[in-house]
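For reference, the structure discussed in these notes is given below.
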Amino acid sequence: MKLKTKSIRLMGAAIDIAIYHKENAEIILEKVVDLLCLYEHRFSANDDSSELMEINHNAGIKELNVSPDLYNLIKLAKKHSDEKNSFFNVAIGPIIQCWKIGFLDAKVPTSEEINNLLKITNPKDIILNDKKESVYLLRKGMQINLGAIAKGYIADLIIDYLKSVGVKSGFINLGGNFLTFGEALHSEDKYWRVGIQDPNLSRGNYVCVLKVKNKSVVTSGIYERILKKDGKVYHHILNPKTGYPIESEVAGLTIISNSSVDGEIWTTKLFGRDIEDVMDEIEDNEDIEGIVITKKGEIYFSSGLENNII
């Protein structure tokens, strides 16, 4: 059985899908592309016609009933945004749209702009109604941004679909969110290999390779999108408490988990904490493993990865 692959560009990222399947592999992969396009339109904060943006456009005006997938994702994101000491904030949309790091019209906002926008980034002002599956943003100007969680959620949905049509093994690499299921039949030990990017070097330079099976590998780093202005470099990972890029010695954080959405949640929640705090949190949580790479090139990894790092 050969590995069938498909590569596309969506959601501002290169996406690779690969499956082992005896029949109709090409048809299945085309269906995956259709699903990815559907989810992009549903969850995107950069598509003015998306279902998510319809919620944002109605901030302070009215509640909206939304699709179950979108409702569940917003509810999950709000839950983790409400936690103490978390760098996750699903209501950070106005700040992200002001900086626009990664886009041609990126800029450095004034402190006055930041301070005004911080007033409309409280996740408690997202009002959810489970019975109606409706969302209401309490204040005008509020914007939900699912960029810190959507790719992982989508990757999980895609793998669920592949399993539902009888695919036994494969992976999706959704712009740095690598999710595997089943065995890598081309590998002698049946493990998939995932390279961990060196955040201090150009793309394609790895600090190590992970052996994984039925696991998600999500990496977040300050090297992905940057803005250079007046001799300063600003990265895209923003601190929801200050409105400015997070200040940290961490350059890259990788979380290994059972689901991709969990990897997204934990990289966002932990990025910004001290290295010791990050590693302690990972070691204390039996559901995740992790790798931290510092700006100085130091590498830390959790004890559970000792036999899986090449």
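So you can find residues: chains in the structure tokens are A, B, ... in the order shown, residues in each start at 1, and ligands are numbered from 1 in order.
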
Do you know which residues are at most 8 Å from region 266-282 of chain A counting only C-alpha atoms, after dropping those on the same chain fewer than 2 positions away, and could you put them as a ChimeraX atom specification?
/A:86-88,148,218-220,239,246-250,253-255,262-264,284-286,288-290,292,300-302

Store the residues picked out above, limited to N, CA, C and O atoms, as a CSV table (one decimal), in the first residue's frame.
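Saved as selection-v8.csv:
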chain,number,residue,atom,x,y,z
A,86,SER,N,-3.2,32.6,32.3
A,86,SER,CA,-3.2,32.0,31.0
A,86,SER,C,-2.9,33.1,30.0
A,86,SER,O,-3.4,34.2,30.1
A,87,PHE,N,-2.0,32.8,29.0
A,87,PHE,CA,-1.8,33.8,27.9
A,87,PHE,C,-2.7,33.6,26.7
A,87,PHE,O,-2.5,34.2,25.7
A,88,PHE,N,-3.7,32.8,27.0
A,88,PHE,CA,-4.7,32.5,25.9
A,88,PHE,C,-5.9,33.5,26.1
A,88,PHE,O,-6.4,33.7,27.2
A,148,ALA,N,-5.4,31.1,17.5
A,148,ALA,CA,-4.5,30.3,18.5
A,148,ALA,C,-5.1,28.9,18.7
A,148,ALA,O,-4.5,28.2,19.5
A,218,VAL,N,2.5,20.2,18.0
A,218,VAL,CA,2.2,21.6,17.7
A,218,VAL,C,3.4,22.4,18.2
A,218,VAL,O,3.8,22.3,19.3
A,219,THR,N,3.9,23.3,17.3
A,219,THR,CA,5.0,24.2,17.6
A,219,THR,C,4.6,25.6,17.4
A,219,THR,O,4.0,26.0,16.4
A,220,SER,N,4.9,26.4,18.4
A,220,SER,CA,4.7,27.9,18.3
A,220,SER,C,6.0,28.5,18.6
A,220,SER,O,6.8,28.2,19.4
A,239,ASN,N,1.0,39.4,23.9
A,239,ASN,CA,0.6,39.3,25.3
A,239,ASN,C,-0.8,39.9,25.5
A,239,ASN,O,-0.9,41.2,25.4
A,246,ILE,N,4.9,39.2,23.4
A,246,ILE,CA,5.3,38.6,24.6
A,246,ILE,C,6.8,38.7,24.7
A,246,ILE,O,7.6,38.5,23.8
A,247,GLU,N,7.3,39.1,25.9
A,247,GLU,CA,8.7,39.2,26.2
A,247,GLU,C,9.1,37.9,26.9
A,247,GLU,O,8.6,37.6,28.0
A,248,SER,N,10.0,37.1,26.3
A,248,SER,CA,10.3,35.8,26.9
A,248,SER,C,11.6,35.3,26.4
A,248,SER,O,12.0,35.7,25.3
A,249,GLU,N,12.3,34.5,27.1
A,249,GLU,CA,13.6,33.9,26.6
A,249,GLU,C,13.2,32.7,25.7
A,249,GLU,O,14.1,32.1,25.1
A,250,VAL,N,12.0,32.3,25.7
A,250,VAL,CA,11.5,31.1,24.9
A,250,VAL,C,11.4,31.6,23.4
A,250,VAL,O,10.7,32.6,23.1
A,253,LEU,N,8.3,26.7,21.3
A,253,LEU,CA,7.6,25.8,22.3
A,253,LEU,C,6.8,24.7,21.5
A,253,LEU,O,6.0,25.1,20.7
A,254,THR,N,7.2,23.5,21.7
A,254,THR,CA,6.5,22.4,21.1
A,254,THR,C,5.7,21.5,22.1
A,254,THR,O,6.3,21.2,23.2
A,255,ILE,N,4.5,21.2,21.9
A,255,ILE,CA,3.7,20.4,22.7
A,255,ILE,C,3.2,19.1,22.0
A,255,ILE,O,2.7,19.2,20.9
A,262,ASP,N,-5.5,20.4,21.7
A,262,ASP,CA,-4.9,20.5,23.0
A,262,ASP,C,-3.5,21.1,22.9
A,262,ASP,O,-3.0,21.8,23.7
A,263,GLY,N,-2.8,20.6,21.8
A,263,GLY,CA,-1.4,21.2,21.6
A,263,GLY,C,-1.5,22.7,21.4
A,263,GLY,O,-0.7,23.4,21.9
A,264,GLU,N,-2.5,23.2,20.6
A,264,GLU,CA,-2.6,24.6,20.4
A,264,GLU,C,-2.9,25.3,21.7
A,264,GLU,O,-2.4,26.4,21.9
A,284,ASP,N,4.0,18.1,35.1
A,284,ASP,CA,3.0,17.8,36.1
A,284,ASP,C,1.7,17.4,35.3
A,284,ASP,O,0.8,16.9,36.0
A,285,ASN,N,1.7,17.5,34.0
A,285,ASN,CA,0.5,17.1,33.2
A,285,ASN,C,0.8,15.8,32.5
A,285,ASN,O,1.6,15.9,31.5
A,286,GLU,N,0.1,14.8,32.8
A,286,GLU,CA,0.4,13.5,32.2
A,286,GLU,C,-0.1,13.4,30.8
A,286,GLU,O,0.3,12.4,30.1
A,288,ILE,N,0.4,15.6,28.3
A,288,ILE,CA,1.2,16.3,27.4
A,288,ILE,C,2.7,16.1,27.6
A,288,ILE,O,3.1,15.8,28.7
A,289,GLU,N,3.5,16.2,26.6
A,289,GLU,CA,5.0,16.3,26.7
A,289,GLU,C,5.4,17.6,25.9
A,289,GLU,O,4.6,18.2,25.2
A,290,GLY,N,6.6,18.0,26.1
A,290,GLY,CA,7.0,19.3,25.5
A,290,GLY,C,8.5,19.5,25.3
A,290,GLY,O,9.3,18.8,25.9
A,292,VAL,N,11.2,22.9,24.8
A,292,VAL,CA,11.4,24.3,24.8
A,292,VAL,C,12.8,24.6,24.3
A,292,VAL,O,13.8,24.0,24.6
A,300,TYR,N,15.3,22.2,26.1
A,300,TYR,CA,14.8,21.5,27.3
A,300,TYR,C,13.7,20.6,26.7
A,300,TYR,O,12.9,21.0,25.9
A,301,PHE,N,13.6,19.3,27.2
A,301,PHE,CA,12.5,18.5,26.9
A,301,PHE,C,12.0,17.7,28.1
A,301,PHE,O,12.8,17.4,29.0
A,302,SER,N,10.7,17.3,28.1
A,302,SER,CA,10.2,16.6,29.2
A,302,SER,C,10.6,15.2,29.2
A,302,SER,O,11.0,14.6,28.2

Need the shell around Asn214 (chain A): protein/DNA/RNA residues with any atom at most 10 Å away, counting only C-alpha atoms. Skip same-chain ones fewer than 2 positions apart. Format as JSON, numbers by chain?
{"A": [169, 170, 171, 179, 180, 181, 182, 183, 191, 192, 212, 216, 257, 258, 259]}

Can you write out the residues you just picked, keeping N, CA, C and O atoms, as a PDB file, in the first residue's frame?
ATOM      1  N   SER A 169      -4.388   4.857   8.441  1.00  0.00           N
ATOM      2  CA  SER A 169      -3.237   5.622   8.936  1.00  0.00           C
ATOM      3  C   SER A 169      -2.915   6.779   8.001  1.00  0.00           C
ATOM      4  O   SER A 169      -3.248   6.747   6.804  1.00  0.00           O
ATOM      5  N   GLY A 170      -2.276   7.792   8.558  1.00  0.00           N
ATOM      6  CA  GLY A 170      -1.894   8.956   7.774  1.00  0.00           C
ATOM      7  C   GLY A 170      -1.541  10.126   8.671  1.00  0.00           C
ATOM      8  O   GLY A 170      -1.336   9.961   9.878  1.00  0.00           O
ATOM      9  N   PHE A 171      -1.490  11.304   8.076  1.00  0.00           N
ATOM     10  CA  PHE A 171      -1.208  12.506   8.871  1.00  0.00           C
ATOM     11  C   PHE A 171      -1.717  13.730   8.137  1.00  0.00           C
ATOM     12  O   PHE A 171      -1.988  13.698   6.929  1.00  0.00           O
ATOM     13  N   LEU A 179      -0.390  16.188  12.918  1.00  0.00           N
ATOM     14  CA  LEU A 179      -1.227  15.215  13.623  1.00  0.00           C
ATOM     15  C   LEU A 179      -1.184  13.884  12.892  1.00  0.00           C
ATOM     16  O   LEU A 179      -1.502  13.812  11.698  1.00  0.00           O
ATOM     17  N   THR A 180      -0.784  12.832  13.592  1.00  0.00           N
ATOM     18  CA  THR A 180      -0.653  11.511  12.988  1.00  0.00           C
ATOM     19  C   THR A 180      -1.700  10.553  13.560  1.00  0.00           C
ATOM     20  O   THR A 180      -2.181  10.734  14.680  1.00  0.00           O
ATOM     21  N   PHE A 181      -2.042   9.543  12.763  1.00  0.00           N
ATOM     22  CA  PHE A 181      -2.872   8.460  13.288  1.00  0.00           C
ATOM     23  C   PHE A 181      -2.474   7.162  12.591  1.00  0.00           C
ATOM     24  O   PHE A 181      -2.064   7.155  11.436  1.00  0.00           O
ATOM     25  N   GLY A 182      -2.571   6.070  13.333  1.00  0.00           N
ATOM     26  CA  GLY A 182      -2.165   4.784  12.777  1.00  0.00           C
ATOM     27  C   GLY A 182      -0.657   4.670  12.630  1.00  0.00           C
ATOM     28  O   GLY A 182       0.105   5.494  13.141  1.00  0.00           O
ATOM     29  N   GLU A 183      -0.242   3.637  11.910  1.00  0.00           N
ATOM     30  CA  GLU A 183       1.194   3.343  11.783  1.00  0.00           C
ATOM     31  C   GLU A 183       1.781   3.912  10.494  1.00  0.00           C
ATOM     32  O   GLU A 183       1.112   3.964   9.461  1.00  0.00           O
ATOM     33  N   TYR A 191       6.851   4.221  13.305  1.00  0.00           N
ATOM     34  CA  TYR A 191       6.668   5.549  13.879  1.00  0.00           C
ATOM     35  C   TYR A 191       6.817   6.610  12.785  1.00  0.00           C
ATOM     36  O   TYR A 191       7.648   6.476  11.884  1.00  0.00           O
ATOM     37  N   TRP A 192       6.018   7.675  12.912  1.00  0.00           N
ATOM     38  CA  TRP A 192       6.172   8.838  12.052  1.00  0.00           C
ATOM     39  C   TRP A 192       7.315   9.695  12.591  1.00  0.00           C
ATOM     40  O   TRP A 192       7.554   9.727  13.795  1.00  0.00           O
ATOM     41  N   VAL A 212       6.785   9.680  16.605  1.00  0.00           N
ATOM     42  CA  VAL A 212       5.452   9.747  17.192  1.00  0.00           C
ATOM     43  C   VAL A 212       4.504   8.779  16.497  1.00  0.00           C
ATOM     44  O   VAL A 212       4.704   8.408  15.342  1.00  0.00           O
ATOM     45  N   SER A 216      -0.236  14.302  18.319  1.00  0.00           N
ATOM     46  CA  SER A 216      -0.155  15.620  17.700  1.00  0.00           C
ATOM     47  C   SER A 216       1.136  16.305  18.138  1.00  0.00           C
ATOM     48  O   SER A 216       1.544  16.174  19.289  1.00  0.00           O
ATOM     49  N   SER A 257       0.711  15.972  22.215  1.00  0.00           N
ATOM     50  CA  SER A 257      -0.539  15.628  22.901  1.00  0.00           C
ATOM     51  C   SER A 257      -1.333  14.647  22.054  1.00  0.00           C
ATOM     52  O   SER A 257      -0.962  14.342  20.915  1.00  0.00           O
ATOM     53  N   ASN A 258      -2.437  14.171  22.594  1.00  0.00           N
ATOM     54  CA  ASN A 258      -3.281  13.232  21.849  1.00  0.00           C
ATOM     55  C   ASN A 258      -4.082  13.929  20.758  1.00  0.00           C
ATOM     56  O   ASN A 258      -4.305  13.368  19.687  1.00  0.00           O
ATOM     57  N   SER A 259      -4.534  15.138  21.029  1.00  0.00           N
ATOM     58  CA  SER A 259      -5.292  15.894  20.026  1.00  0.00           C
ATOM     59  C   SER A 259      -4.552  17.174  19.678  1.00  0.00           C
ATOM     60  O   SER A 259      -3.826  17.742  20.495  1.00  0.00           O
TER      61      SER A 259
END

Out of A:Ala91, A:Ile226, A:Ser7, A:Ile256, which residue has the shortest atom-to-atom distance to Ile196 (chain A) when counting only C-alpha atoms?
A:Ile256

Mind running region 2-22 of chain A against region 40-53 of chain A at 10 Å and telling me each contacting residue's nearest atom pair with the distance in Å (one decimal), counting only C-alpha atoms, chain and number ascending, as a Markdown table?
| residue | atom | partner | partner_atom | distance |
| --- | --- | --- | --- | --- |
| A:Leu10 | CA | A:Glu40 | CA | 7.6 |
| A:Met11 | CA | A:Glu40 | CA | 6.3 |
| A:Gly12 | CA | A:Asn46 | CA | 9.7 |

What would the file look like if the residues just selected were written as a tab-separated table (two decimals), in the first residue's frame with N, CA, C and O atoms?
chain	number	residue	atom	x	y	z
A	10	LEU	N	-3.71	26.98	2.24
A	10	LEU	CA	-4.94	27.57	2.77
A	10	LEU	C	-4.64	28.14	4.15
A	10	LEU	O	-3.64	27.76	4.77
A	11	MET	N	-5.50	29.02	4.63
A	11	MET	CA	-5.36	29.56	5.98
A	11	MET	C	-4.00	30.22	6.19
A	11	MET	O	-3.47	30.25	7.30
A	12	GLY	N	-3.40	30.71	5.11
A	12	GLY	CA	-2.11	31.35	5.19
A	12	GLY	C	-0.97	30.40	5.49
A	12	GLY	O	0.09	30.81	5.97

Produce a table with one row for each residue of region 71-102 of chain A that has an atom at most 12 Å from any atom of region 229-237 of chain A, each row naming the nearest atom pair and its distance in Å at one decimal; use only C-alpha atoms; arrange rows by chain and rising residue number; format as a tab-separated table.
residue	atom	partner	partner_atom	distance
A:Phe87	CA	A:Ile237	CA	9.7
A:Phe88	CA	A:Ile237	CA	10.5
A:Asn89	CA	A:Ile237	CA	11.6
A:Ile92	CA	A:Ile237	CA	11.1
A:Ile95	CA	A:His236	CA	10.8
A:Ile96	CA	A:His236	CA	8.3
A:Gln97	CA	A:His236	CA	11.1
A:Cys98	CA	A:His236	CA	11.6
A:Trp99	CA	A:His236	CA	8.4
A:Lys100	CA	A:His236	CA	8.4
A:Ile101	CA	A:His236	CA	5.7
A:Gly102	CA	A:His236	CA	7.5

Restricted to N, CA, C and O atoms, what would the selected residues look like written as a CSV table (one decimal), in the first residue's frame?
chain,number,residue,atom,x,y,z
A,87,PHE,N,-2.0,32.8,29.0
A,87,PHE,CA,-1.8,33.8,27.9
A,87,PHE,C,-2.7,33.6,26.7
A,87,PHE,O,-2.5,34.2,25.7
A,88,PHE,N,-3.7,32.8,27.0
A,88,PHE,CA,-4.7,32.5,25.9
A,88,PHE,C,-5.9,33.5,26.1
A,88,PHE,O,-6.4,33.7,27.2
A,89,ASN,N,-6.2,34.2,25.0
A,89,ASN,CA,-7.4,35.1,25.1
A,89,ASN,C,-8.1,35.2,23.7
A,89,ASN,O,-7.6,35.8,22.8
A,92,ILE,N,-8.8,38.6,21.9
A,92,ILE,CA,-7.7,39.5,21.5
A,92,ILE,C,-7.8,40.1,20.1
A,92,ILE,O,-6.9,40.8,19.7
A,95,ILE,N,-6.7,43.7,19.0
A,95,ILE,CA,-5.2,43.9,19.2
A,95,ILE,C,-4.5,43.3,18.0
A,95,ILE,O,-3.6,44.0,17.3
A,96,ILE,N,-4.8,42.1,17.6
A,96,ILE,CA,-4.2,41.4,16.5
A,96,ILE,C,-4.5,42.2,15.2
A,96,ILE,O,-3.6,42.4,14.4
A,97,GLN,N,-5.7,42.7,15.0
A,97,GLN,CA,-6.0,43.4,13.8
A,97,GLN,C,-5.4,44.8,13.7
A,97,GLN,O,-5.1,45.3,12.7
A,98,CYS,N,-5.0,45.3,14.9
A,98,CYS,CA,-4.3,46.6,14.9
A,98,CYS,C,-2.9,46.4,14.5
A,98,CYS,O,-2.3,47.2,13.7
A,99,TRP,N,-2.2,45.4,15.0
A,99,TRP,CA,-0.8,45.1,14.6
A,99,TRP,C,-0.7,44.6,13.2
A,99,TRP,O,0.2,45.0,12.5
A,100,LYS,N,-1.5,43.6,12.9
A,100,LYS,CA,-1.5,42.9,11.6
A,100,LYS,C,-0.2,42.4,11.2
A,100,LYS,O,0.2,42.4,10.0
A,101,ILE,N,0.6,41.9,12.2
A,101,ILE,CA,1.9,41.3,11.9
A,101,ILE,C,1.7,40.1,11.0
A,101,ILE,O,0.9,39.2,11.2
A,102,GLY,N,2.5,40.0,9.9
A,102,GLY,CA,2.4,39.0,8.9
A,102,GLY,C,1.6,39.4,7.7
A,102,GLY,O,1.6,38.7,6.7
